[in-house]
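Visitor: See target.cif below, with mmCIF, C-alpha atoms and all ligand atoms.
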```
data_final
#
loop_
_atom_site.label_atom_id
_atom_site.label_comp_id
_atom_site.auth_asym_id
_atom_site.auth_seq_id
_atom_site.Cartn_x
_atom_site.Cartn_y
_atom_site.Cartn_z
CA MET A 1 0.00 0.00 0.00
CA ARG A 2 2.81 2.37 0.86
CA LEU A 3 4.43 1.77 -2.46
CA THR A 4 1.28 2.31 -4.53
CA GLY A 5 0.62 5.43 -2.42
CA LEU A 6 4.04 6.78 -3.37
CA ILE A 7 3.46 5.93 -7.01
CA ARG A 8 0.10 7.71 -6.87
CA ILE A 9 1.71 10.83 -5.40
CA ALA A 10 4.50 10.69 -7.94
CA ALA A 11 1.99 10.32 -10.76
CA MET A 12 -0.01 13.24 -9.42
CA LEU A 13 3.05 15.45 -9.17
CA PHE A 14 4.07 14.40 -12.66
CA SER A 15 0.73 15.26 -14.20
CA LEU A 16 0.64 18.55 -12.32
CA GLY A 17 4.09 19.22 -13.68
CA THR A 18 3.16 18.46 -17.26
CA ALA A 19 -0.05 20.46 -16.93
CA TRP A 20 1.99 23.40 -15.68
CA LEU A 21 4.41 22.95 -18.56
CA PHE A 22 1.49 22.75 -20.94
CA VAL A 23 0.04 26.02 -19.63
CA GLN A 24 3.45 27.66 -19.72
CA THR A 25 4.04 26.57 -23.26
CA TYR A 26 0.67 27.35 -24.77
CA PHE A 27 -0.70 30.33 -22.92
CA ASN A 28 2.10 32.17 -21.24
CA THR A 29 4.27 34.98 -22.41
CA GLY A 30 5.71 35.99 -25.77
CA TRP A 31 8.21 33.53 -27.06
CA LYS A 32 6.17 30.48 -26.06
CA VAL A 33 3.23 31.65 -28.14
CA VAL A 34 5.61 32.14 -31.05
CA SER A 35 7.04 28.67 -30.55
CA LEU A 36 3.52 27.23 -30.62
CA ARG A 37 2.83 29.02 -33.89
CA SER A 38 5.98 27.63 -35.36
CA TRP A 39 5.01 24.11 -34.22
CA LEU A 40 1.75 24.45 -36.01
CA GLY A 41 3.52 25.64 -39.13
CA SER A 42 1.68 28.94 -39.27
CA GLU A 43 4.94 30.83 -39.75
CA SER A 44 5.82 28.94 -42.89
CA ASP A 45 2.37 29.82 -44.24
CA LEU A 46 3.20 33.52 -44.07
CA PRO A 47 3.86 35.05 -47.48
CA LYS A 48 7.51 34.99 -48.50
CA THR A 49 8.82 38.54 -48.80
CA GLN A 50 12.13 37.60 -50.45
CA PRO A 51 12.01 38.01 -54.25
CA PRO A 52 13.30 35.17 -56.45
CA ARG A 53 17.01 35.34 -57.27
CA ASN A 54 17.83 36.66 -60.72
CA LYS A 55 20.47 35.14 -63.00
CA CYS A 56 24.01 36.11 -61.90
CA GLY A 57 22.40 37.59 -58.76
CA ASN A 58 21.48 40.68 -60.79
CA LYS A 59 19.05 43.34 -59.53
CA LYS A 60 16.74 42.93 -62.52
CA SER A 61 15.61 39.86 -64.42
CA CYS A 62 16.37 39.71 -68.13
CA PRO A 63 13.83 39.36 -70.97
CA GLU A 64 13.78 36.11 -72.94
CA SER A 65 15.46 37.76 -75.94
CA THR A 66 18.59 38.60 -73.91
CA PHE A 67 21.39 36.99 -71.89
CA ALA A 68 22.04 38.07 -68.27
CA PHE A 69 25.59 39.11 -67.43
CA LYS A 70 27.66 40.51 -64.58
CA VAL A 71 31.27 41.52 -65.12
CA SER A 72 33.77 42.81 -62.54
CA SER A 73 37.29 44.04 -63.09
CA GLY A 74 40.11 42.97 -60.82
CA ALA A 75 40.79 44.87 -57.59
CA ALA A 76 44.31 46.32 -57.78
CA ASN A 77 46.65 43.31 -58.24
CA VAL A 78 45.01 41.42 -55.39
CA VAL A 79 41.54 40.11 -56.29
CA GLY A 80 40.92 38.68 -59.76
CA PRO A 81 38.10 39.76 -62.09
CA SER A 82 34.94 37.72 -62.66
CA ILE A 83 32.58 37.13 -65.54
CA CYS A 84 29.09 35.66 -65.07
CA PHE A 85 26.97 34.87 -68.13
CA GLU A 86 23.45 33.39 -68.02
CA ASN A 87 23.88 32.49 -64.34
CA THR A 88 27.20 30.67 -64.83
CA ILE A 89 30.45 32.11 -63.52
CA ILE A 90 32.73 31.40 -66.43
CA MET A 91 35.86 33.21 -65.23
CA SER A 92 36.90 33.98 -61.63
CA GLY A 93 39.62 33.62 -59.04
CA VAL A 94 37.74 30.70 -57.51
CA LYS A 95 37.62 28.96 -60.91
CA ASN A 96 41.35 29.69 -61.12
CA ASN A 97 41.16 30.74 -64.78
CA VAL A 98 41.90 34.48 -64.52
CA GLY A 99 45.19 36.35 -64.52
CA ARG A 100 47.00 39.64 -64.92
CA GLY A 101 46.10 41.53 -68.08
CA LEU A 102 42.98 41.00 -70.20
CA ASN A 103 40.58 38.18 -69.31
CA ILE A 104 38.41 37.35 -72.29
CA ALA A 105 35.41 35.02 -72.72
CA LEU A 106 33.88 34.26 -76.11
CA LEU A 107 30.21 33.30 -76.21
CA ASN A 108 27.94 32.13 -78.96
CA GLY A 109 25.66 35.14 -79.54
CA THR A 110 22.78 32.91 -80.60
CA ASN A 111 22.62 30.34 -77.80
CA GLY A 112 24.90 31.89 -75.16
CA GLN A 113 27.22 28.89 -74.92
CA VAL A 114 30.81 29.45 -73.81
CA MET A 115 33.13 28.99 -76.76
CA LYS A 116 36.47 29.89 -75.20
CA THR A 117 38.10 31.70 -72.30
CA ASP A 118 41.68 32.97 -72.17
CA VAL A 119 43.98 35.42 -70.37
CA PHE A 120 46.55 37.69 -72.01
CA ASP A 121 49.31 39.24 -69.91
CA MET A 122 49.51 42.84 -71.08
CA TYR A 123 52.44 43.79 -68.86
CA SER A 124 55.05 41.28 -69.99
CA GLY A 125 53.22 38.90 -72.35
CA ASP A 126 53.48 38.47 -76.13
CA ILE A 127 50.96 40.71 -77.93
CA LYS A 128 50.92 38.29 -80.88
CA LEU A 129 48.93 35.80 -78.76
CA LEU A 130 46.18 38.40 -78.26
CA LEU A 131 46.24 39.46 -81.93
CA ASP A 132 45.84 35.86 -83.11
CA PHE A 133 43.00 35.29 -80.63
CA LEU A 134 41.10 38.44 -81.67
CA LYS A 135 41.56 37.89 -85.41
CA ALA A 136 40.12 34.35 -85.16
CA ILE A 137 36.79 35.54 -83.65
CA LYS A 138 33.87 34.63 -85.89
CA SER A 139 30.89 36.84 -86.70
CA GLY A 140 28.05 36.41 -84.20
CA THR A 141 30.37 35.94 -81.21
CA ILE A 142 29.89 37.94 -77.99
CA VAL A 143 33.24 39.08 -76.57
CA THR A 144 33.44 39.81 -72.83
CA VAL A 145 36.57 41.43 -71.39
CA ALA A 146 37.65 42.17 -67.80
CA SER A 147 40.95 43.78 -66.85
CA TYR A 148 43.20 42.81 -63.96
CA ASP A 149 46.19 44.82 -62.73
CA ASP A 150 47.46 46.18 -66.06
CA PRO A 151 45.46 45.96 -69.31
CA ALA A 152 47.55 48.13 -71.59
CA THR A 153 51.35 48.21 -71.48
CA LYS A 154 51.71 45.77 -74.41
CA LEU A 155 48.62 46.94 -76.34
CA ASN A 156 49.57 48.22 -79.79
CA ASP A 157 47.51 50.03 -82.42
CA GLU A 158 46.51 46.82 -84.16
CA ALA A 159 45.12 45.25 -80.98
CA ARG A 160 43.32 48.47 -80.03
CA THR A 161 41.73 48.65 -83.48
CA LEU A 162 40.52 45.05 -83.20
CA PHE A 163 38.74 45.92 -79.92
CA THR A 164 37.37 49.12 -81.46
CA ASN A 165 35.92 47.03 -84.28
CA LEU A 166 34.15 44.85 -81.67
CA GLY A 167 32.33 48.01 -80.48
CA SER A 168 34.71 49.53 -77.91
CA ARG A 169 34.95 53.28 -77.41
CA HIS A 170 37.77 53.13 -74.88
CA ALA A 171 40.26 50.55 -76.22
CA SER A 172 42.12 53.27 -78.13
CA LYS A 173 42.79 55.16 -74.87
CA LEU A 174 43.57 52.38 -72.37
CA ALA A 175 46.70 53.00 -70.34
CA PHE A 176 48.90 51.40 -67.65
CA ARG A 177 46.83 50.07 -64.72
CA ASP A 178 43.51 51.46 -65.95
CA ASN A 179 40.46 49.33 -65.19
CA TRP A 180 38.32 48.25 -68.12
CA ILE A 181 35.28 46.01 -68.58
CA PHE A 182 33.63 45.55 -71.94
CA ILE A 183 31.09 43.44 -73.79
CA GLY A 184 31.18 43.67 -77.57
CA ALA A 185 30.46 41.43 -80.51
CA LYS A 186 31.98 40.55 -83.84
CA GLY A 187 29.80 42.11 -86.50
CA LEU A 188 28.40 44.98 -84.37
CA LYS A 189 27.59 48.01 -86.48
CA ASP A 190 27.47 50.49 -83.60
CA LYS A 191 29.45 51.09 -80.43
CA SER A 192 28.59 48.79 -77.53
CA PRO A 193 26.68 50.34 -74.60
CA TYR A 194 28.28 47.78 -72.26
CA GLU A 195 31.63 49.29 -71.39
CA GLN A 196 33.28 51.01 -68.42
CA HIS A 197 36.73 52.49 -68.17
CA LEU A 198 38.41 54.01 -65.13
CA ARG A 199 41.76 55.74 -65.44
CA ASN A 200 44.67 55.13 -63.14
CA GLU A 201 45.02 58.62 -61.65
CA ALA A 202 47.05 58.98 -58.46
CA ALA A 203 44.77 61.73 -57.09
CA LYS A 204 41.57 59.67 -57.58
CA ASN A 205 42.73 56.08 -57.12
CA LYS A 206 40.96 54.07 -54.46
CA TYR A 207 43.95 51.78 -53.96
CA GLU A 208 47.53 52.92 -53.97
CA GLY A 209 48.46 52.59 -57.63
CA TRP A 210 45.10 51.34 -58.95
CA PRO A 211 41.62 52.79 -59.48
CA GLU A 212 38.36 51.49 -57.94
CA VAL A 213 36.90 48.14 -59.06
CA LEU A 214 34.44 48.33 -61.95
CA GLU A 215 31.26 46.26 -62.02
CA MET A 216 28.54 46.14 -64.65
CA GLU A 217 25.41 44.00 -64.86
CA GLY A 218 22.53 43.81 -67.28
CA CYS A 219 21.03 42.04 -70.26
CA VAL A 220 22.76 41.74 -73.63
CA PRO A 221 20.55 41.04 -76.66
CA LYS A 222 20.74 37.65 -78.34
CA LYS A 223 21.76 37.58 -81.95
CA MET A 224 18.73 37.28 -84.21
CA ASP A 225 19.34 35.50 -87.49
C1 LIG B 1 26.32 29.35 -82.40
O1 LIG B 1 25.62 28.13 -82.32
C2 LIG B 1 24.81 27.88 -83.44
C3 LIG B 1 23.98 26.67 -83.12
O2 LIG B 1 24.77 25.63 -82.61
C4 LIG B 1 25.68 27.74 -84.67
O3 LIG B 1 24.87 27.49 -85.79
C5 LIG B 1 26.48 29.03 -84.87
O4 LIG B 1 27.39 28.89 -85.94
C6 LIG B 1 27.24 29.36 -83.60
N1 LIG B 1 27.84 30.69 -83.74
C7 LIG B 1 29.13 30.90 -83.64
C8 LIG B 1 29.59 32.31 -83.76
O5 LIG B 1 29.94 30.01 -83.46
#
```
What does this structure look like when you write it as structure tokens?

Guide:
Amino acid sequence: MRLTGLIRIAAMLFSLGTAWLFVQTYFNTGWKVVSLRSWLGSESDLPKTQPPRNKCGNKKSCPESTFAFKVSSGAANVVGPSICFENTIIMSGVKNNVGRGLNIALLNGTNGQVMKTDVFDMYSGDIKLLLDFLKAIKSGTIVTVASYDDPATKLNDEARTLFTNLGSRHASKLAFRDNWIFIGAKGLKDKSPYEQHLRNEAAKNKYEGWPEVLEMEGCVPKKMD
């Protein structure tokens, strides 16, 4: 009898305890009410306020007739440039396919597929490599360029003219340690609107010896045949 009496008391205390816990959890202050709501899933039923992510993480989504892009120049001689096209990062430091000079990606202007990526050292490299690369570009190709460290020391008139013919306004004026990002195309009749150029000017430079990073994002029209 003593034992069952003890068990009865224990059971009573236990149920009192759980009832108290129950009350605490369901009807008492602030956070417990919130935790009840989350148990019932009501929080996940609330409308999502976060907008869907755009291609390349861009601020605006791109129409069907265009490709999304985001291009960044290098930061001084420390952080490499990056090129995102249609939500794929095709050149970056993480991909380990960028380097000092001009970083260039060629894309099929019709379907957006990556045709080729390459890097040309414009400080101590051989300009002939860049000339051969640019001359081989076929009509209908989108050409995306991002500078890193120094885009210009080795650039000669012939190379500058080849970029100008792809739609660049600034290739003729690029100088030592300028920053430059550009999207052009072989066969463009006008100048490209997708270009930024920042001069290396001691008084305005963000970094000692180099200007601020350039970044450009948007939508480039597909080639219509
Ligand atoms: C792009 O791809 C299409 C379809 O595969 C092809 O017909 C066209 O020649 C390509 N364009 C270039 C510039 O290679």

Visitor: Counting only C-alpha atoms and all ligand atoms, name the residues that have an atom within 6 Å of an atom of ligand LIG 1 (chain B); the answer should be given as an NGL selection string.

Guide: :A and (108 or 110-111 or 138-141)

Visitor: Could you tell me how far CA of Gly80 in chain A lies from CA of Pro52 in chain A, in Å and to one decimal?

Guide: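 The value is 28.0 Å.
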
Visitor: Work out how far CA of Ala146 in chain A is from CA of Asn200 in chain A, in Å to one decimal.

Guide: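 If I compute the distance from CA of Asn200 in chain A to CA of Ala146 in chain A, I get 15.5 Å.
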
Visitor: Just give me the gap between CA of Arg177 in chain A and CA of Asn156 in chain A in Å, one decimal is fine.

Guide: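 Here the two named atoms are 15.4 Å from each other.
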
Visitor: Nearest to Thr88 in chain A among A:Lys222, A:Lys204, A:Lys55, A:Arg100, with distances taken over only C-alpha atoms: which residue is it?

Guide: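 Checking each candidate against Thr88 in chain A, we get A:Lys55 as the closest.
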
Visitor: Which polymer residues, whether protein, DNA or RNA, lie within 12 Å of the coordinate (38.4, 32.3, -61.8) when you count all atoms listed in the file? List them as a PyMOL selection string, using the chain letters and numbers from the file.

Guide: chain A and resi 72-74+79-84+88-100+103-105+117-119+146+148

Visitor: Within 7 Å of range 213-220 of chain A, counting all atoms listed in the file, which residues show up once you throw out same-chain ones fewer than 5 positions away? Write them as a count of residues only, please.

Guide: 13

Visitor: So, with only C-alpha atoms as the atoms that count, which of A:Ala76, A:Ile142, A:Asp132, A:Ser172 lies closest to Asn205 in chain A?

Guide: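 Counting only C-alpha atoms, the residue closest to Asn205 in chain A is A:Ala76.
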
Visitor: Would you list the contacts of Ile181 in chain A as a list in words, taking every protein, DNA or RNA residue within 6 Å and counting all atoms listed in the file, but skipping same-chain residues closer than 6 positions in sequence?

Guide: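 Counting only the stated atoms, we get Val145, Ala146, Glu195 and Gln196 of chain A.
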
Visitor: Tell me, as a ChimeraX atom specification, which residues lie within 8 Å of Arg169 in chain A, counting only C-alpha atoms; anything in the same chain fewer than 4 positions away does not count.

Guide: /A:164,191-192,195

Visitor: Give as a PyMOL selection string each residue that has an atom at most 7 Å from (47.7, 42.7, -65.0) in the file, counting all atoms listed in the file.

Guide: chain A and resi 77+99-101+121-123+148-151

Visitor: Include C-alpha atoms and write out the residues we just selected as a PDB file, in the coordinates of the input.

Guide:
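Resulting contents of again.pdb:
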```
ATOM      1  CA  ASN A  77      46.650  43.310 -58.240  1.00  0.00           C
ATOM      2  CA  GLY A  99      45.190  36.350 -64.520  1.00  0.00           C
ATOM      3  CA  ARG A 100      47.000  39.640 -64.920  1.00  0.00           C
ATOM      4  CA  GLY A 101      46.100  41.530 -68.080  1.00  0.00           C
ATOM      5  CA  ASP A 121      49.310  39.240 -69.910  1.00  0.00           C
ATOM      6  CA  MET A 122      49.510  42.840 -71.080  1.00  0.00           C
ATOM      7  CA  TYR A 123      52.440  43.790 -68.860  1.00  0.00           C
ATOM      8  CA  TYR A 148      43.200  42.810 -63.960  1.00  0.00           C
ATOM      9  CA  ASP A 149      46.190  44.820 -62.730  1.00  0.00           C
ATOM     10  CA  ASP A 150      47.460  46.180 -66.060  1.00  0.00           C
ATOM     11  CA  PRO A 151      45.460  45.960 -69.310  1.00  0.00           C
TER      12      PRO A 151
END
```

Visitor: Smallest atom-to-atom distance to His170 in chain A: which of A:Val143, A:Ala185, A:Cys56, A:Leu198, using all atoms listed in the file?

Guide: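 Selected residue with least distance to His170 in chain A: A:Leu198.
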
Visitor: Tell me which of A:Val78, A:Val114, A:Leu102, A:Leu131 sits closest to Thr161 in chain A, counting only C-alpha atoms.

Guide: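 The shortest atom-to-atom distance to Thr161 in chain A comes from A:Leu131.
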
Visitor: Counting only C-alpha atoms, which residue out of A:Lys59, A:Lys186, A:Arg8, A:Lys206 sits closest to Gly109 in chain A?

Guide: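 Looking only at the distances to Gly109 in chain A, the closest residue turns out to be A:Lys186.
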
Visitor: Put the listed atoms of range 166-172 of chain A in a box along x, y and z with 4 Å added on every side and give me the centre and edge lengths in Å to one decimal, as AutoDock Vina command-line options.

Guide:
```
--center_x 37.2 --center_y 49.1 --center_z -78.3 --size_x 17.8 --size_y 16.4 --size_z 14.8
```

Visitor: With distances taken over all atoms listed in the file, which of A:Ser124, A:Thr153, A:Ser65, A:Asn54 is nearest to Met224 in chain A?

Guide: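 Among the listed residues, the smallest separation from Met224 in chain A belongs to A:Ser65.
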